[in-house]
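Here the structure comes first, spelled out in structure tokens, and everything after it is commentary.
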Amino acid sequence: MKTNDIILQTATKVVLFLIVLFSIHIFFAGHYTPGGGFVGGLLTSGAIVLLLLAFDMKTVSKILPVNYIHMIAVGLLFSIGTGAGALLFNVPFLTHAFGHVDLPVLGDTSLHTATLFDLGVFLVVVGVTMTIIQTIGEDE
Amino acid sequence: MINFLILPILIPLVTGVLLIFAAKRIMLQRWIAGISSVIAIIFSALLVQKVRARGIQTLDVSSWEAPFGITLVSDMMSALLVLTTSIIAFLCLIYSFWSIGEAREKFYYYAAFNFLIVGVNGAFTTGDIFNLFVFFEVMLMASYVLLVLGGKKAQLRESIKYILVNVISSALFVIAVAYLYSVVGTLNMAHISVRISEASQGTPPGIITVIAVLFLIVFGLKGAIFPLYFWMPGSYYAPPAPVLALFGALLTKVGVYSITRTYTLFFYHDTGFTHQLLSFLAIMSIIAGVIGAIAYWDIKKIIIYNIIIAVGAILFGVSAMTTDSLTGSIFYLIHDMIIKAALFLLAGIVIAIAGTSNLHKISGLIKRYPGLGWTFFISALALAGIPPLSGFVGKLLIVKGGFEAEHYWGAGIVLMSSLLVLFSIMKVFINGFWGTPRAYKGEDKVPVGKMLIAPVILVIIAVFYGVGSEYVYPYISQAAETLANPEIYIEAVLKEY
């Protein structure tokens with residue numbers, strides 16, 4: 001049966017970017033306010049799931065040719081790497097560094113290694129959610 | 001290097017992640033996993049030496065000072081257990097090379113294997129009760145994967161039971177931790193101990209006893225004590241030999257370790273109720289285990305029931321709470337990890353040859369496979385604790401401690417159980433290895449020689465552990481000293497107290 005989902009598909013094309021942008025906002029907001037890698041990751045995977053609903057699995061894997069299991073591993077490497085970086089400076093594992101840096105366009109920016117850790121969490125969450133959803137989807 | 005004690009956790013973690021990338025390239029996976037576990041053994045051994053030379057090692061992760069942040073603590077007991085875990089992990093790994101099969105290897109077997117070791121080593125090392133829960137979960141997640149991998153009917157059936165039991169016990173664990181936190185207001189184990197001492201002044205309030213029993217239920221479910229072992233014989237029966245060896249040697253021992261830690265560090269003020277209960281349950285575990293081990297005619301089941309007997313013996317030593325009995329418990333704990341791994345791996349070879357684990361259908365193996373037969377014989381003697389093999393010293397000290405604490409009945413039952421353990425394991429030997437040799441279908445395809453490498457090394461370690469107990473004893477007694485005197489642990493973690 002061919003369903004008529006032109007409204008969903010058209011809306012998705014716009015909404016998708018809004019969701020992704022919002023998830024990035026939430027990701028960076030997470031340092032001092034509610035948000036962070038976990039919620040950001042869930043939002044992003046929500047966007048991809050919307051894409052899956054509007055189109056189909058083949059189309060989506062053509063747009064995003066990502067191996068989600070590898071994505072989990074990359075995310076884990078980011079997080080472990082940030083933690084293990086402390087070993088190089090002989091401070092306790094997971095100790096973070098931060099400071100203010102004057103960047104050309106952004107001006108005075110507070111940079112924090114915890115962001116890298118959070119990026120790892122983000123990737124793991126997207127990877128895990130998408131792996132689960134794809135596995136269930138493939139079953140049909 | 002102050003991060004030394006995290007290396008046995010970090011190395012398998014990084015390895016596990018790297019192995020995800022190499023999932024389809026089996027030889028590469030084997031090399032990475034093998035080399036990393038050798039490195040892990042070296043660092044764990046160095047850690048033991050460091051703890052021996054400089055006392056308890058602590059690490060305030062993320063630079064948050066104890067008791068506010070998460071603290072990792074390596075006292076002698078945890079360092080020894082981490083070393084034993086790393087050795088067993090390496091040997092189970094090389095055994096897997098020739099027995100686990102390509103299908104599993106391509107489906108993240110080695111990655112899950114390494115994550116399991118992360119959980120086990122983490123649980124042994126952590127000094128924070130909630131972090132203990134987290135490492136339990138890491139270990140359990142990996143064990144779910146290892147249990148279900150392969151997807152045979154029995155595996156799926158047992159996985160459901162196993163997951164259900166563990167989800168319930170994890171929920172109870174969180175409830176118990178929350179309960180404890182609401183009473184003492186801290187999660188750092190050393191700090192909890194201090195707060196409980198302050199609160200109790202002689203006799204602790206009743207609520208502490210309630211929490212102690214809750215913890216006993218939670219860890220008892222993982223550690224398979226009477227009457228909470230009901231899930232184990234079925235669940236452990238399903239997976240292949242190396243996974244079974246890992247589960248049998250490591251997972252239940254994490255439960256035993258947790259009981260030992262909490263009962264010597266937190267709940268030692270009023271031993272009248274809690275430790276009586278523990279000693280009663282330990283004795284009942286021995287009896288129930290012995291009945292199971294004698295009753296079954298299945299090689300896997302017999303060894304699985306022997307786990308329950310060993311858990312009972314170890315916890316009986318803990319419940320007696322004398323320095324001797326605690327030394328004995330640690331001695332026996334490490335012995336049991338090594339020898340159970342060896343026995344399960346040997347049972348795996350027998351099952352691979354015969355195609356069945358039913359003792360009625362196996363006989364005469366020693367004629368065609370003398371190496372296998374004699375290795376099994378020695379490990380059977382070591383299991384039962386025949387001097388000078390490794391089980392003897394531990395059991396001797398446990399019994400001695402039991403008599404000192406005037407638990408005559410319990411100590412007597414521990415002694416008697418040794419005979420019945422010997423009987424149960426000799427039943428395997430007499431029926432499986434003696435008698436007329438039979439021809440089995442497909443036995444020529446089994447690489448017996450290669451598969452024997454791991455169990456033979458384990459048995460050699462067990463023999464040295466028994467014969468060289470004089471050299472091991474100082475390490476073990478240092479571990480027991482920390483358990484018997486919680487102040488040492490508290491001082492090392494909190495410094496100013």
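Note on naming: chains are A, B, ... as they come in the structure tokens, residues start from 1 per chain, ligands start from 1 in the order shown.
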
>> I need the contact residues of chain B against chain A, so if you could list those with any atom within 7 Å, counting only C-alpha atoms, and return them as a ChimeraX atom specification, that would help.
In response: /B:1-3,17,20-21,59-63

Would you write out those residues with C-alpha atoms, as an mmCIF file, in the first residue's frame?
```
data_model
loop_
_atom_site.group_PDB
_atom_site.id
_atom_site.type_symbol
_atom_site.label_atom_id
_atom_site.label_comp_id
_atom_site.auth_asym_id
_atom_site.auth_seq_id
_atom_site.Cartn_x
_atom_site.Cartn_y
_atom_site.Cartn_z
ATOM 1 C CA MET B 1 51.900 7.788 39.161
ATOM 2 C CA ILE B 2 48.784 8.405 41.211
ATOM 3 C CA ASN B 3 46.401 6.864 38.688
ATOM 4 C CA VAL B 17 35.988 -0.009 22.684
ATOM 5 C CA ILE B 20 34.128 -2.775 18.445
ATOM 6 C CA PHE B 21 35.940 -1.319 15.413
ATOM 7 C CA LEU B 59 42.361 7.784 44.109
ATOM 8 C CA ASP B 60 39.863 10.628 44.346
ATOM 9 C CA VAL B 61 38.484 10.484 40.835
ATOM 10 C CA SER B 62 38.054 13.842 39.113
ATOM 11 C CA SER B 63 39.962 15.510 41.986
#
```

> Can you list, as a list in words, every protein, DNA or RNA residue that comes within 9 Å of B:Ile26 when you count only C-alpha atoms, leaving out same-chain residues fewer than 4 positions away?
Replying inline: Ala22, Arg30, Trp31, Glu102, Glu105 and Lys106 of chain B

Could the residues in this selection be written to a file with N, CA and C atoms, as a PDB file, in the first residue's frame?
```pdb
ATOM      1  N   ALA B  22      37.068  -3.468  15.361  1.00  0.00           N
ATOM      2  CA  ALA B  22      37.692  -4.607  14.683  1.00  0.00           C
ATOM      3  C   ALA B  22      36.769  -5.812  14.630  1.00  0.00           C
ATOM      4  N   ARG B  30      41.782 -11.017  18.324  1.00  0.00           N
ATOM      5  CA  ARG B  30      42.464 -11.900  19.269  1.00  0.00           C
ATOM      6  C   ARG B  30      43.768 -11.291  19.747  1.00  0.00           C
ATOM      7  N   TRP B  31      44.510 -10.711  18.801  1.00  0.00           N
ATOM      8  CA  TRP B  31      45.791 -10.120  19.190  1.00  0.00           C
ATOM      9  C   TRP B  31      45.599  -8.953  20.141  1.00  0.00           C
ATOM     10  N   GLU B 102      33.461 -18.811  15.289  1.00  0.00           N
ATOM     11  CA  GLU B 102      33.580 -17.571  14.534  1.00  0.00           C
ATOM     12  C   GLU B 102      32.357 -16.665  14.662  1.00  0.00           C
ATOM     13  N   GLU B 105      32.552 -14.643  17.706  1.00  0.00           N
ATOM     14  CA  GLU B 105      33.686 -13.715  17.661  1.00  0.00           C
ATOM     15  C   GLU B 105      33.350 -12.493  16.831  1.00  0.00           C
ATOM     16  N   LYS B 106      32.569 -12.701  15.746  1.00  0.00           N
ATOM     17  CA  LYS B 106      32.216 -11.567  14.901  1.00  0.00           C
ATOM     18  C   LYS B 106      31.121 -10.735  15.516  1.00  0.00           C
TER      19      LYS B 106
END
```

Pick out each residue of stretch 99-131 of chain A that DSSP on the backbone tags as alpha helix (DSSP H); I need them as a compact mmCIF listing (two decimals) with C-alpha atoms, in the first residue's frame.
```
# COMPACT_ATOMS: atom_id res chain seq x y z
CA ALA A 114 34.12 18.52 29.94
CA THR A 115 32.56 19.50 26.60
CA LEU A 116 34.63 16.82 24.88
CA PHE A 117 33.41 14.30 27.44
CA ASP A 118 29.86 15.43 26.77
CA LEU A 119 30.40 15.14 23.04
CA GLY A 120 31.27 11.51 23.67
CA VAL A 121 28.05 11.06 25.65
CA PHE A 122 26.14 12.71 22.80
CA LEU A 123 27.58 10.30 20.23
CA VAL A 124 26.96 7.27 22.44
CA VAL A 125 23.34 8.26 23.03
CA VAL A 126 22.65 8.83 19.33
CA GLY A 127 24.47 5.61 18.44
CA VAL A 128 22.65 3.48 21.00
CA THR A 129 19.20 4.91 20.29
CA MET A 130 19.58 4.53 16.54
CA THR A 131 21.00 1.01 16.82
```

> Neighbours of stretch 142-151 of chain B within 9 Å (only C-alpha atoms; same-chain residues fewer than 2 positions away dropped), as an NGL selection string?
Replying inline: :B and (103-104 or 107-109 or 111-117 or 119 or 137-140 or 153-156 or 158-159 or 162-163 or 235-236 or 238-240 or 243-244 or 247 or 251)

> What lies within 6 Å of stretch 328-336 of chain B using only C-alpha atoms, ignoring chain neighbours under 5 positions off, as a PyMOL selection string?
Replying inline: chain B and resi 314+317+394+397-398

> Which residue, A:Thr109, A:Thr44, A:Ser61, A:Thr12, has the smallest gap to A:Phe27 when you use only C-alpha atoms?
Replying inline: A:Thr44

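Reported to one decimal place, the separation of atom CA of B:Glu443 from atom CA of B:Leu91 is 22.9 Å.
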
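Scanning chain A with DSSP on the backbone, the strand (DSSP E or B) assignments fall on Phe98, Gly99, His100, Val101, Asp102, Leu103, Gly107, Asp108, Thr109, Ser110, Leu111 and His112 of chain A.
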
> Which distance in Å separates atom CA of B:Ala341 and atom CA of B:Ile461, to one decimal?
Replying inline: 11.6 Å

>> Which residues are near A:Val60? Cut-off 12 Å, only C-alpha atoms, ignore same chain within fewer than 2 positions. Put them as a PyMOL selection string.
In response: chain A and resi 47-58+62-66+130+134
